[in-house]
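Novice: For reference, the file upload_9.cif (mmCIF, C-alpha atoms) is included below:
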```cif
data_protein
loop_
_atom_site.label_atom_id
_atom_site.label_comp_id
_atom_site.auth_asym_id
_atom_site.auth_seq_id
_atom_site.Cartn_x
_atom_site.Cartn_y
_atom_site.Cartn_z
CA MET W 193 -40.76 -40.02 -3.94
CA THR W 194 -37.99 -37.48 -4.26
CA VAL W 195 -37.40 -34.86 -1.63
CA LYS W 196 -38.64 -32.07 -3.88
CA ASP W 197 -41.79 -33.98 -4.85
CA THR W 198 -42.57 -34.48 -1.16
CA ILE W 199 -41.83 -31.13 0.46
CA ARG W 200 -42.86 -28.80 -2.38
CA PRO W 201 -46.61 -29.47 -2.02
CA GLU W 202 -46.27 -29.28 1.75
CA LEU W 203 -44.69 -25.83 1.49
CA TYR W 204 -47.23 -24.80 -1.11
CA ALA W 205 -50.06 -25.64 1.28
CA LEU W 206 -48.66 -23.27 3.91
CA PHE W 207 -49.65 -20.32 1.69
CA GLN W 208 -53.32 -21.21 2.13
CA VAL W 209 -55.57 -18.22 2.82
CA ASP W 210 -58.56 -18.46 5.16
CA GLU W 211 -61.30 -17.18 2.85
CA ASP W 212 -63.82 -16.85 5.69
CA ALA W 213 -61.44 -14.49 7.50
CA VAL W 214 -61.05 -12.44 4.30
CA ASP W 215 -64.81 -12.25 3.76
CA ALA W 216 -65.25 -10.99 7.32
CA LEU W 217 -63.03 -7.95 6.70
CA PRO W 218 -64.69 -4.51 6.57
CA ASP W 219 -65.01 -3.04 3.08
CA ASP W 220 -62.58 -0.20 3.75
CA ILE W 221 -59.65 -2.58 4.29
CA LEU W 222 -60.74 -5.41 2.02
CA LEU W 223 -59.28 -3.92 -1.17
CA PRO W 224 -55.73 -3.22 0.07
CA THR W 225 -55.74 -6.60 1.80
CA GLU W 226 -56.76 -8.51 -1.31
CA THR W 227 -54.10 -6.66 -3.32
CA ILE W 228 -51.37 -7.91 -0.99
CA LEU W 229 -52.84 -11.41 -0.84
CA ASN W 230 -52.86 -11.59 -4.62
CA PHE W 231 -49.21 -10.61 -4.67
CA ILE W 232 -48.43 -13.35 -2.11
CA GLU W 233 -50.34 -15.84 -4.25
CA GLY W 234 -48.14 -14.87 -7.19
CA LEU W 235 -45.06 -15.56 -5.07
CA ARG W 236 -46.45 -18.95 -4.19
CA GLU W 237 -46.55 -19.87 -7.87
CA SER W 238 -42.81 -19.24 -8.04
CA LEU W 239 -42.09 -21.36 -4.98
CA ASP W 240 -39.28 -23.22 -6.76
CA ARG W 241 -37.15 -20.09 -6.36
CA VAL W 242 -36.55 -21.12 -2.74
CA PHE W 243 -34.50 -24.07 -4.00
CA THR W 244 -32.20 -21.88 -6.08
CA GLU W 245 -29.51 -19.28 -5.48
CA ASP W 246 -32.34 -16.76 -5.60
CA GLY W 247 -33.86 -18.32 -2.47
CA GLU W 248 -32.81 -15.59 -0.07
CA SER W 249 -34.40 -12.90 -2.26
CA PHE W 250 -37.57 -14.96 -2.56
CA ILE W 251 -37.84 -15.37 1.21
CA GLN W 252 -37.23 -11.64 1.75
CA GLU W 253 -40.00 -10.76 -0.74
CA ILE W 254 -42.44 -12.94 1.17
CA GLN W 255 -41.31 -11.47 4.50
CA THR W 256 -41.84 -7.96 3.15
CA ALA W 257 -45.32 -8.84 1.84
CA PHE W 258 -46.27 -10.34 5.20
CA GLY W 259 -45.05 -7.17 6.91
CA GLN W 260 -47.19 -5.03 4.60
CA LEU W 261 -50.21 -7.19 5.30
CA ALA W 262 -49.70 -7.00 9.06
CA SER W 263 -49.38 -3.21 8.89
CA VAL W 264 -52.90 -2.78 7.50
CA ASP W 265 -55.11 -1.50 10.32
CA GLY W 266 -57.58 -4.11 11.45
CA VAL W 267 -55.80 -7.06 9.78
CA ASP W 268 -54.64 -10.10 11.75
CA ILE W 269 -52.19 -11.94 9.54
CA ASP W 270 -52.46 -15.08 11.67
CA LEU W 271 -56.18 -15.23 10.84
CA LEU W 272 -55.77 -14.61 7.12
CA LEU W 273 -52.69 -16.81 6.69
CA PRO W 274 -52.79 -19.26 9.62
CA ASN W 275 -49.55 -20.95 8.57
CA SER W 276 -47.52 -17.83 7.80
CA ALA W 277 -45.20 -18.15 10.82
CA ASN W 278 -44.38 -21.80 10.10
CA LEU W 279 -43.99 -21.02 6.42
CA MET W 280 -41.19 -18.51 7.00
CA GLN W 281 -39.18 -20.89 9.18
CA ALA W 282 -39.73 -23.84 6.84
CA LEU W 283 -38.64 -21.78 3.82
CA ARG W 284 -35.39 -20.75 5.55
CA ILE W 285 -34.48 -24.36 6.18
CA ALA W 286 -35.64 -25.43 2.72
CA ASN W 287 -33.28 -22.87 1.23
CA ALA W 288 -30.37 -24.92 2.61
CA ILE W 289 -31.38 -28.07 0.70
CA THR W 290 -29.15 -28.56 -2.34
CA ASP W 291 -30.16 -29.66 -5.86
CA GLU W 292 -28.58 -33.05 -5.31
CA GLN W 293 -30.58 -33.57 -2.14
CA LEU W 294 -33.79 -32.42 -3.80
CA ASP W 295 -33.45 -35.11 -6.46
CA ALA W 296 -32.71 -37.87 -3.95
CA GLU W 297 -35.32 -40.06 -2.29
CA MET W 298 -36.84 -38.97 0.99
CA PRO W 299 -34.85 -40.27 3.98
CA ALA W 300 -35.97 -43.72 5.03
CA ASN W 301 -38.39 -43.77 7.98
CA TYR W 302 -38.66 -39.98 7.98
CA LEU W 303 -42.26 -40.28 9.14
CA GLN W 304 -41.03 -41.70 12.46
CA PHE W 305 -39.68 -38.27 13.43
CA ARG W 306 -41.87 -36.02 15.50
CA LEU W 307 -41.96 -32.32 16.35
CA ASP W 308 -42.47 -31.64 20.06
CA GLU W 309 -42.40 -28.43 22.03
CA ASP W 310 -39.48 -28.23 24.44
CA MET W 311 -41.41 -27.40 27.58
CA ASN W 312 -38.69 -27.55 30.22
CA SER W 313 -35.69 -25.91 28.61
CA GLU W 314 -34.18 -22.53 29.43
CA GLY W 315 -32.60 -22.58 25.99
CA ILE W 316 -29.19 -23.49 24.64
CA TYR W 317 -26.37 -20.93 24.61
CA ASP W 318 -22.94 -20.57 23.08
CA SER W 319 -19.91 -19.67 25.17
CA SER W 320 -20.67 -15.96 24.88
CA GLY W 321 -24.15 -16.43 26.33
CA THR W 322 -25.93 -15.88 23.00
CA SER W 323 -29.02 -18.01 22.40
CA VAL W 324 -28.55 -20.79 19.87
CA THR W 325 -31.45 -20.67 17.42
CA HIS W 326 -30.89 -24.18 16.08
CA PHE W 327 -28.82 -27.22 16.82
CA PHE W 328 -28.92 -30.32 14.60
CA TYR W 329 -27.09 -33.53 15.46
CA GLN W 330 -27.27 -35.90 12.50
CA HIS W 331 -26.16 -39.41 13.47
CA GLN W 332 -23.93 -40.84 10.77
CA GLY W 333 -24.84 -44.50 11.36
CA ASP W 334 -28.55 -44.37 12.16
CA LEU W 335 -30.62 -41.35 11.21
CA LEU W 336 -33.29 -42.32 13.75
CA GLU W 337 -30.76 -41.56 16.53
CA SER W 338 -30.53 -37.94 15.41
CA VAL W 339 -31.97 -34.97 17.29
CA CYS W 340 -32.74 -31.35 16.34
CA TYR W 341 -33.42 -28.22 18.32
CA LEU W 342 -35.20 -25.15 16.96
CA ASP W 343 -35.60 -22.01 19.07
CA PHE W 344 -38.29 -19.69 17.76
CA SER W 345 -38.86 -17.98 21.13
CA ASP W 346 -37.06 -14.85 19.92
CA LEU W 347 -39.37 -13.44 17.26
CA ASN W 348 -36.53 -11.45 15.72
CA ALA W 349 -34.16 -14.41 15.37
CA GLY W 350 -33.85 -16.15 12.03
CA LEU W 351 -32.23 -19.23 10.57
CA GLU W 352 -29.33 -18.76 8.22
CA ALA W 353 -28.99 -21.31 5.41
CA ALA W 354 -25.21 -21.37 5.75
CA ASP W 355 -25.57 -22.68 9.31
CA LEU W 356 -27.46 -25.76 8.12
CA ASP W 357 -24.85 -27.21 5.78
CA ASN W 358 -23.94 -30.18 7.98
CA SER W 359 -27.42 -31.61 8.52
CA SER W 360 -28.67 -32.39 5.01
CA GLN W 361 -31.18 -35.12 5.89
CA LEU W 362 -32.38 -33.40 9.04
CA ASN W 363 -33.04 -30.23 7.07
CA ILE W 364 -35.46 -32.20 4.90
CA ILE W 365 -37.19 -33.73 7.90
CA ALA W 366 -37.46 -30.35 9.66
CA VAL W 367 -39.08 -28.75 6.61
CA SER W 368 -41.58 -31.58 6.32
CA LEU W 369 -42.50 -31.49 10.01
CA LEU W 370 -42.85 -27.70 10.14
CA SER W 371 -45.05 -27.85 7.04
CA ARG W 372 -47.32 -30.53 8.44
CA THR W 373 -47.76 -29.40 12.03
CA GLU W 374 -50.98 -27.70 13.06
CA GLU W 375 -49.29 -25.79 15.88
CA VAL W 376 -47.83 -22.32 15.49
CA ALA W 377 -44.06 -22.71 15.90
CA ARG W 378 -43.42 -19.04 16.59
CA GLY W 379 -42.49 -18.06 20.14
CA LYS W 380 -41.57 -21.58 21.28
CA ARG W 381 -38.68 -24.02 21.39
CA TRP W 382 -38.93 -27.35 19.57
CA ILE W 383 -37.27 -30.75 19.51
CA ILE W 384 -37.26 -33.01 16.47
CA SER W 385 -36.53 -36.63 17.34
CA CYS W 386 -37.86 -40.17 17.32
CA CYS W 387 -38.30 -40.20 21.11
CA ASP W 388 -41.84 -40.75 22.33
CA HIS W 389 -41.04 -39.81 25.93
CA VAL W 390 -40.67 -36.18 26.98
CA GLU W 391 -37.77 -36.66 29.38
CA GLY W 392 -35.95 -38.98 27.01
CA ARG W 393 -35.83 -36.53 24.12
CA GLU W 394 -35.00 -33.56 26.32
CA VAL W 395 -32.01 -35.18 28.02
CA LEU W 396 -30.81 -36.62 24.70
CA LEU W 397 -30.81 -33.10 23.25
CA LYS W 398 -29.02 -31.66 26.29
CA TYR W 399 -26.35 -34.36 26.23
CA HIS W 400 -25.58 -33.77 22.55
CA ALA W 401 -25.54 -29.99 23.07
CA LEU W 402 -23.05 -30.34 25.93
CA LEU W 403 -20.81 -32.59 23.83
CA CYS W 404 -20.73 -29.85 21.22
CA GLY W 405 -19.59 -27.25 23.76
CA TYR W 406 -22.90 -25.46 24.30
CA LEU W 407 -24.30 -24.24 27.62
CA LEU W 408 -27.66 -25.11 29.16
CA THR W 409 -27.86 -21.96 31.27
CA ARG W 410 -26.99 -18.44 30.25
CA PRO W 411 -23.77 -17.43 32.03
CA VAL W 412 -24.07 -14.55 34.49
CA TYR W 413 -21.20 -12.19 33.77
CA SER W 414 -19.22 -10.23 36.32
CA PRO W 415 -19.84 -6.54 36.88
CA LEU W 416 -17.06 -4.14 37.83
CA TYR W 417 -16.13 -4.94 41.41
CA ASP W 418 -15.20 -2.63 44.24
CA GLY W 419 -12.41 -3.56 46.64
CA ILE W 420 -9.12 -1.94 45.61
CA ASP W 421 -9.77 1.74 46.35
CA GLY W 422 -6.82 3.33 48.14
CA ILE W 423 -4.49 0.35 47.76
CA PRO W 424 -2.33 1.66 44.86
CA ALA W 425 -1.37 4.77 46.83
CA THR W 426 0.05 2.64 49.67
CA LEU W 427 2.60 0.79 47.52
CA ARG W 428 6.25 1.78 47.84
CA ARG W 429 9.23 1.08 45.62
CA GLY W 430 11.10 -0.45 48.55
CA GLY W 431 8.21 -2.75 49.50
CA SER W 432 8.80 -6.45 50.18
CA TYR W 433 6.54 -7.80 47.44
CA ALA W 434 8.90 -10.40 45.96
CA GLN W 435 7.55 -13.23 48.12
CA PHE W 436 4.04 -12.71 46.67
CA ARG W 437 4.88 -13.77 43.11
CA GLU W 438 2.61 -16.82 43.37
CA PRO W 439 -0.39 -14.89 44.73
CA PHE W 440 0.16 -12.26 42.02
CA ALA W 441 -0.19 -14.98 39.38
CA MET W 442 -3.45 -16.01 41.04
CA LEU W 443 -4.70 -12.42 41.04
CA SER W 444 -3.94 -12.28 37.34
CA GLU W 445 -6.31 -15.21 36.94
CA PHE W 446 -8.99 -13.28 38.83
CA ASN W 447 -8.62 -10.38 36.39
CA SER W 448 -9.15 -12.78 33.49
CA ARG W 449 -12.44 -14.18 34.79
CA LYS W 450 -15.65 -13.22 33.04
CA THR W 451 -18.46 -14.79 35.09
CA ILE W 452 -19.46 -14.21 38.69
CA ILE W 453 -18.85 -17.80 39.71
CA ASP W 454 -15.38 -17.85 38.17
CA SER W 455 -14.54 -14.53 39.82
CA PHE W 456 -15.63 -15.83 43.22
CA LEU W 457 -13.56 -19.00 42.88
CA SER W 458 -10.45 -17.14 41.71
CA ALA W 459 -10.66 -14.76 44.65
CA TYR W 460 -11.19 -17.69 47.01
CA HIS W 461 -8.22 -19.57 45.57
CA THR W 462 -6.02 -16.61 46.48
CA LEU W 463 -7.43 -16.53 50.00
CA GLU W 464 -6.70 -20.26 50.29
CA ASN W 465 -3.07 -19.46 49.61
CA TYR W 466 -3.17 -16.76 52.29
CA MET W 467 -4.80 -19.12 54.81
CA VAL W 468 -1.91 -21.57 54.58
CA ARG W 469 0.71 -18.80 54.58
CA ALA W 470 -0.84 -17.24 57.66
CA ARG W 471 -0.66 -20.49 59.64
CA ILE W 472 2.97 -21.11 58.58
CA VAL W 473 3.90 -17.52 59.43
CA ALA W 474 2.34 -17.94 62.87
CA VAL W 475 4.49 -21.02 63.53
CA GLU W 476 7.58 -19.30 62.14
CA ARG W 477 7.13 -16.26 64.37
CA ALA W 478 6.71 -18.46 67.41
CA HIS W 479 10.13 -20.01 66.70
CA ASN W 480 13.20 -17.99 67.61
CA GLY W 481 15.91 -19.99 65.84
CA ALA W 482 17.35 -19.41 62.41
CA THR W 483 16.04 -22.73 61.11
CA PHE W 484 13.27 -25.25 61.71
CA PHE W 485 15.04 -28.38 62.76
CA SER W 486 13.03 -30.32 65.30
CA ILE W 487 10.28 -32.86 64.77
CA ARG W 488 8.18 -30.76 67.10
CA ASP W 489 8.44 -27.77 64.73
CA PHE W 490 7.27 -29.87 61.77
CA LYS W 491 4.36 -31.21 63.82
CA ARG W 492 3.33 -27.70 64.75
CA MET W 493 3.42 -26.64 61.12
CA HIS W 494 1.37 -29.65 60.05
CA ALA W 495 -1.21 -29.07 62.78
CA ALA W 496 -1.49 -25.41 61.82
CA ILE W 497 -2.31 -26.08 58.16
CA ASP W 498 -4.38 -29.20 58.83
CA GLN W 499 -7.27 -27.30 60.36
CA ASN W 500 -10.74 -27.26 58.83
CA GLU W 501 -10.78 -24.88 55.86
CA GLY W 502 -13.72 -22.95 57.22
CA GLU W 503 -11.81 -22.42 60.46
CA GLN W 504 -8.72 -21.29 58.56
CA LEU W 505 -10.79 -18.68 56.73
CA ARG W 506 -12.25 -17.51 60.03
CA LEU W 507 -8.75 -17.11 61.45
CA LEU W 508 -7.60 -15.19 58.36
CA PHE W 509 -10.52 -12.77 58.74
CA ARG W 510 -9.70 -12.45 62.46
CA ASP W 511 -6.05 -11.71 61.78
CA CYS W 512 -6.86 -9.14 59.09
CA TRP W 513 -9.93 -7.46 60.58
CA ASN W 514 -8.10 -4.49 62.09
CA LEU W 515 -5.37 -4.19 59.46
CA GLN W 516 -5.13 -0.98 57.47
CA ILE W 517 -5.64 -1.84 53.79
CA GLY W 518 -5.79 1.07 51.39
CA GLY W 519 -6.31 3.62 54.16
CA THR W 520 -9.13 1.89 56.04
CA THR W 521 -9.36 -1.20 58.22
CA PHE W 522 -10.54 -4.38 56.60
CA GLY W 523 -13.36 -4.63 59.15
CA ALA W 524 -14.58 -1.12 58.34
CA TYR W 525 -14.59 -1.97 54.65
CA VAL W 526 -16.64 -5.11 55.33
CA ASP W 527 -19.19 -3.00 57.21
CA ILE W 528 -19.39 -0.60 54.26
CA ARG W 529 -20.14 -3.51 51.90
CA ILE W 530 -22.76 -4.94 54.28
CA ASN W 531 -24.57 -1.60 54.36
CA HIS W 532 -24.25 -1.28 50.60
CA LEU W 533 -25.89 -4.69 50.08
CA VAL W 534 -28.69 -4.13 52.60
CA ASN W 535 -29.48 -0.66 51.22
CA GLY W 536 -29.53 -2.07 47.69
CA MET W 537 -32.47 -4.37 48.39
CA PRO W 538 -36.02 -2.96 48.58
CA GLN W 539 -36.74 -4.73 51.87
CA GLY W 540 -33.21 -4.54 53.19
CA PHE W 541 -32.16 -7.33 55.49
CA GLN W 542 -35.82 -8.32 55.88
CA SER W 543 -35.94 -9.53 52.30
CA PRO W 544 -37.59 -12.99 52.19
CA GLU W 545 -35.41 -13.91 49.20
CA LEU W 546 -32.26 -13.09 51.16
CA ALA W 547 -33.46 -15.17 54.12
CA ASN W 548 -34.26 -18.05 51.77
CA PHE W 549 -30.82 -17.86 50.14
CA LEU W 550 -29.01 -17.84 53.48
CA GLN W 551 -31.11 -20.75 54.72
CA LYS W 552 -30.31 -22.83 51.64
CA LEU W 553 -26.61 -22.07 52.11
CA GLY W 554 -26.68 -23.03 55.74
CA ALA W 555 -25.14 -19.65 56.48
CA PRO W 556 -25.91 -17.58 59.61
CA GLY W 557 -29.05 -15.55 59.22
CA ASP W 558 -27.79 -12.15 60.34
CA PHE W 559 -24.49 -10.65 59.21
CA THR W 560 -25.56 -7.20 60.48
CA VAL W 561 -25.28 -8.32 64.11
CA ALA W 562 -23.86 -5.55 66.30
CA ASN W 563 -21.20 -7.66 68.03
CA GLU W 564 -18.07 -7.26 65.91
CA ASN W 565 -16.66 -10.70 66.65
CA GLU W 566 -19.93 -12.37 65.72
CA ARG W 567 -20.25 -10.25 62.58
CA ARG W 568 -16.75 -11.26 61.52
CA LYS W 569 -17.51 -14.97 62.05
CA THR W 570 -20.78 -14.63 60.19
CA ILE W 571 -19.17 -13.06 57.14
CA SER W 572 -16.37 -15.62 56.95
CA LYS W 573 -18.95 -18.41 57.31
CA LEU W 574 -21.05 -16.88 54.52
CA VAL W 575 -18.05 -16.77 52.15
CA TYR W 576 -17.10 -20.33 53.05
CA GLN W 577 -20.62 -21.69 52.60
CA ILE W 578 -20.91 -20.05 49.17
CA ARG W 579 -17.59 -21.62 48.24
CA CYS W 580 -18.89 -25.04 49.31
CA SER W 581 -22.16 -24.56 47.45
CA ILE W 582 -20.29 -23.76 44.24
CA VAL W 583 -17.67 -26.49 44.51
CA HIS W 584 -19.86 -29.26 45.91
CA ASN W 585 -22.68 -30.62 43.78
CA LYS W 586 -24.07 -33.51 45.75
CA GLU W 587 -27.75 -34.23 45.35
CA THR W 588 -28.35 -33.55 49.05
CA GLU W 589 -26.67 -30.13 49.02
CA TYR W 590 -27.67 -26.75 47.68
CA HIS W 591 -25.64 -25.94 44.57
CA ILE W 592 -24.99 -22.44 43.26
CA SER W 593 -24.78 -22.24 39.48
CA ASN W 594 -25.51 -19.62 36.85
CA ARG W 595 -29.14 -20.66 37.16
CA GLU W 596 -29.25 -19.62 40.81
CA LEU W 597 -27.64 -16.29 39.95
CA GLN W 598 -30.55 -15.39 37.69
CA ASN W 599 -32.15 -14.39 40.99
CA SER W 600 -31.16 -10.77 41.63
CA THR W 601 -30.87 -11.16 45.42
CA ASN W 602 -28.58 -14.19 45.19
CA LYS W 603 -26.51 -12.32 42.64
CA LEU W 604 -26.21 -9.21 44.83
CA VAL W 605 -24.89 -11.21 47.80
CA LEU W 606 -21.94 -12.30 45.66
CA THR W 607 -21.33 -9.14 43.62
CA GLU W 608 -22.01 -6.46 46.24
CA LEU W 609 -20.70 -8.16 49.36
CA CYS W 610 -18.66 -11.35 49.09
CA ILE W 611 -16.51 -10.75 46.02
CA PRO W 612 -15.64 -7.12 46.88
CA ILE W 613 -14.44 -8.06 50.40
CA MET W 614 -12.58 -11.09 49.07
CA ARG W 615 -11.03 -8.87 46.40
CA ARG W 616 -10.07 -6.33 49.07
CA LEU W 617 -8.20 -8.97 51.01
CA ALA W 618 -6.75 -10.81 48.02
CA PHE W 619 -5.38 -7.71 46.29
CA GLY W 620 -4.69 -5.65 49.40
CA LEU W 621 -3.02 -7.96 51.88
CA PRO W 622 0.39 -7.99 50.13
CA SER W 623 0.42 -4.18 50.47
CA VAL W 624 0.26 -4.25 54.26
CA VAL W 625 3.55 -3.29 55.92
CA GLN W 626 2.92 -3.55 59.65
CA GLU W 627 1.87 -6.85 61.26
CA ASN W 628 1.06 -8.53 57.96
CA PRO W 629 -0.10 -12.06 58.91
CA ILE W 630 1.12 -13.60 55.63
CA THR W 631 4.59 -12.06 55.38
CA TYR W 632 7.52 -14.32 56.21
CA SER W 633 10.23 -12.72 58.32
CA ARG W 634 12.80 -13.92 55.79
CA ARG W 635 12.73 -14.57 52.07
CA GLU W 636 13.05 -18.33 52.60
CA ILE W 637 12.52 -20.71 55.47
CA ALA W 638 15.38 -23.20 55.88
CA LEU W 639 14.09 -26.65 56.74
CA TYR W 640 16.29 -29.51 57.98
#
```
Let me see the structure of the file written as structure tokens.
Specialist:
Amino acid sequence: MTVKDTIRPELYALFQVDEDAVDALPDDILLPTETILNFIEGLRESLDRVFTEDGESFIQEIQTAFGQLASVDGVDIDLLLPNSANLMQALRIANAITDEQLDAEMPANYLQFRLDEDMNSEGIYDSSGTSVTHFFYQHQGDLLESVCYLDFSDLNAGLEAADLDNSSQLNIIAVSLLSRTEEVARGKRWIISCCDHVEGREVLLKYHALLCGYLLTRPVYSPLYDGIDGIPATLRRGGSYAQFREPFAMLSEFNSRKTIIDSFLSAYHTLENYMVRARIVAVERAHNGATFFSIRDFKRMHAAIDQNEGEQLRLLFRDCWNLQIGGTTFGAYVDIRINHLVNGMPQGFQSPELANFLQKLGAPGDFTVANENERRKTISKLVYQIRCSIVHNKETEYHISNRELQNSTNKLVLTELCIPIMRRLAFGLPSVVQENPITYSRREIALY
């Protein structure tokens, strides 16, 4: 049979009215209801319009009639027209089927495809974080290896015919499956495939979506961060900023970042640069000569920068804690951000979600401890552990992704505490004049 001969009667059947539901209507709403139903029945008789250039108008007329029916007090459109939701989605896809395709034979083995609800998906997103309403991968060599995704969870989202131009055979199969299913498609996500196993079809869909550049988790975008107040006013035209050209390029990257995770990593990359500089500066200042020339000097430099990264970050925080950055000490600014975070949570530091997050990170459980040295170590450890949890993704370790940042508490730890203090240090440290731990005493270090 041709495609049109197969799917037309299936679409036609979706207009079926439940006569028992109509008969059960009170007399005062029966007349206006029957008037609208008769109009819809007239549209059904001109169903072939959906296969023409007039298809969009035809679909809109049906949508308007359904809206009128639903607006009648006491009328449940899903009772009167049980297939109305599936009909609208099937018609939108059918509108993308061309005349040439309609006259062709139905795809071979099309009955092997199945329509299954996608139970475990958070959705598929484009790079902007917008939900993808449909994704069709049509295998060129073997149609049975194809997979489709339909997202009807957003009741206001619709399918555009122009977006279905590259999946001609899958369009036909999708229309047939939507027409024949007894389940209401509205409000759910669906997978069309030949996979009998739930996990198999879900991972196949995800793999194809990733290969096409889509996202499996909605990205969590960066807010406006604190951290640079007071710094601009401290800059001077005679300042020694030339040696910070490389960090400035890294700060430019931070300003270009859009998501929280990217912002955190860019800020951390800058601090990594500062960690190494600080250790080299410490060795340089301990040497009184004009040049580094002895093997011992090189060994000292190597030992200084070969420390554990977490320890280097701790030392950087130690060296900067009492520095004036933008009119206040770095330590005082950290305390301000700690209070800001704690006050921003309903249960403050006693929040079970905060305790759970810190435990998963392996970070110290109390960064409000009164002892300043311990508080400083705790904060540097927290930043380092978040860095490790983002960068490392071993099965035995806790991994922070956009999915984890859907949790508001986890998100606040990064956006209200960690990133602002990292930003303060990353953007502010080059502005420090006195006792700057990352400023070389000379423009270049001569090595022999």
Novice: The PyMOL selection byres ((chain W and resi 604) around 12) - which residues does that actually catch in the file I just gave you? List them as a ChimeraX atom specification.
Specialist: /W:412,414-415,417,452,529-530,532-537,540,545-546,549,596-603,605-612
Novice: Which residues, written as a ChimeraX atom specification, have at least one atom at most 10 Å from Thr570 in chain W, with only C-alpha atoms counted and residues fewer than 3 positions away on the same chain left out?
Specialist: /W:506,555-561,564-567,573-576
Novice: Would you please work out which residue, of W:Glu438, W:Glu589, W:Glu226, W:Asp418, is nearest to Thr462 in chain W when using all atoms listed in the file?
Specialist: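 Nearest to Thr462 in chain W: W:Glu438.
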Novice: Using only C-alpha atoms for the distances, tell me which of W:Gly554, W:Gly431, W:Gly523, W:Pro544 is nearest to Val624 in chain W.
Specialist: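 For Val624 in chain W, the nearest of the given residues is W:Gly431.
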Novice: At a cut-off of 7 Å, using all atoms listed in the file, what residues contact Ala213 in chain W? Leave out same-chain residues fewer than 4 positions from it and give the result as a list in words.
Specialist: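 Surrounding residues, per the criterion: Leu217, Leu271 and Leu272 of chain W.
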Novice: For CA of Thr325 in chain W and CA of Asn312 in chain W, determine how far apart the two atoms are, in Å to one decimal place.
Specialist: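 Interatomic distance here is 16.2 Å.
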Novice: Can you tell me, as JSON, numbers by chain, what residues are no more than 9 Å from range 233-240 of chain W when counting only C-alpha atoms, ignoring any on the same chain fewer than 6 positions away?
Specialist: {"W": [200, 203, 204, 207, 208, 247, 250, 253, 254]}
Novice: Dump C-alpha atoms for the selected residues as a tab-separated table (two decimals), keeping the file's coordinate frame?
Specialist:
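Contents of selection_0.tsv, freshly written:
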```tsv
chain	number	residue	atom	x	y	z
W	200	ARG	CA	-42.86	-28.80	-2.38
W	203	LEU	CA	-44.69	-25.83	1.49
W	204	TYR	CA	-47.23	-24.80	-1.11
W	207	PHE	CA	-49.65	-20.32	1.69
W	208	GLN	CA	-53.32	-21.21	2.13
W	247	GLY	CA	-33.86	-18.32	-2.47
W	250	PHE	CA	-37.57	-14.96	-2.56
W	253	GLU	CA	-40.00	-10.76	-0.74
W	254	ILE	CA	-42.44	-12.94	1.17
```
Novice: Taking the file as I've supplied it (selection: the PyMOL selection byres ((chain W and resi 286-302) around 9)), which residues are included? Please answer as an NGL selection string.
Specialist: :W and (193-199 or 241-245 or 247-248 or 251 or 281-285 or 303-305 or 335-336 or 352-357 or 360-367)
Novice: Starting from the incomplete input, reconstruct N, CA and C atoms of range 603-613 of chain W and report them as a JSON list (two decimals), in the coordinates of the input.
Specialist:
```
[["chain", "number", "residue", "atom", "x", "y", "z"],
["W", 603, "LYS", "N", -27.59, -12.96, 43.38],
["W", 603, "LYS", "CA", -26.51, -12.32, 42.64],
["W", 603, "LYS", "C", -25.88, -11.19, 43.44],
["W", 604, "LEU", "N", -26.72, -10.36, 44.07],
["W", 604, "LEU", "CA", -26.21, -9.21, 44.83],
["W", 604, "LEU", "C", -25.34, -9.65, 46.01],
["W", 605, "VAL", "N", -25.68, -10.74, 46.66],
["W", 605, "VAL", "CA", -24.89, -11.21, 47.80],
["W", 605, "VAL", "C", -23.45, -11.46, 47.36],
["W", 606, "LEU", "N", -23.29, -12.02, 46.16],
["W", 606, "LEU", "CA", -21.94, -12.30, 45.66],
["W", 606, "LEU", "C", -21.26, -11.04, 45.13],
["W", 607, "THR", "N", -21.98, -10.25, 44.32],
["W", 607, "THR", "CA", -21.33, -9.14, 43.62],
["W", 607, "THR", "C", -21.19, -7.88, 44.47],
["W", 608, "GLU", "N", -22.07, -7.68, 45.44],
["W", 608, "GLU", "CA", -22.01, -6.46, 46.24],
["W", 608, "GLU", "C", -21.37, -6.65, 47.61],
["W", 609, "LEU", "N", -21.28, -7.92, 48.04],
["W", 609, "LEU", "CA", -20.70, -8.16, 49.36],
["W", 609, "LEU", "C", -19.49, -9.09, 49.30],
["W", 610, "CYS", "N", -19.71, -10.34, 48.93],
["W", 610, "CYS", "CA", -18.66, -11.35, 49.09],
["W", 610, "CYS", "C", -17.44, -11.09, 48.20],
["W", 611, "ILE", "N", -17.65, -10.92, 46.91],
["W", 611, "ILE", "CA", -16.51, -10.75, 46.02],
["W", 611, "ILE", "C", -15.74, -9.46, 46.30],
["W", 612, "PRO", "N", -16.42, -8.33, 46.54],
["W", 612, "PRO", "CA", -15.64, -7.12, 46.88],
["W", 612, "PRO", "C", -14.77, -7.29, 48.13],
["W", 613, "ILE", "N", -15.28, -7.94, 49.20],
["W", 613, "ILE", "CA", -14.44, -8.06, 50.40],
["W", 613, "ILE", "C", -13.34, -9.10, 50.19]]
```
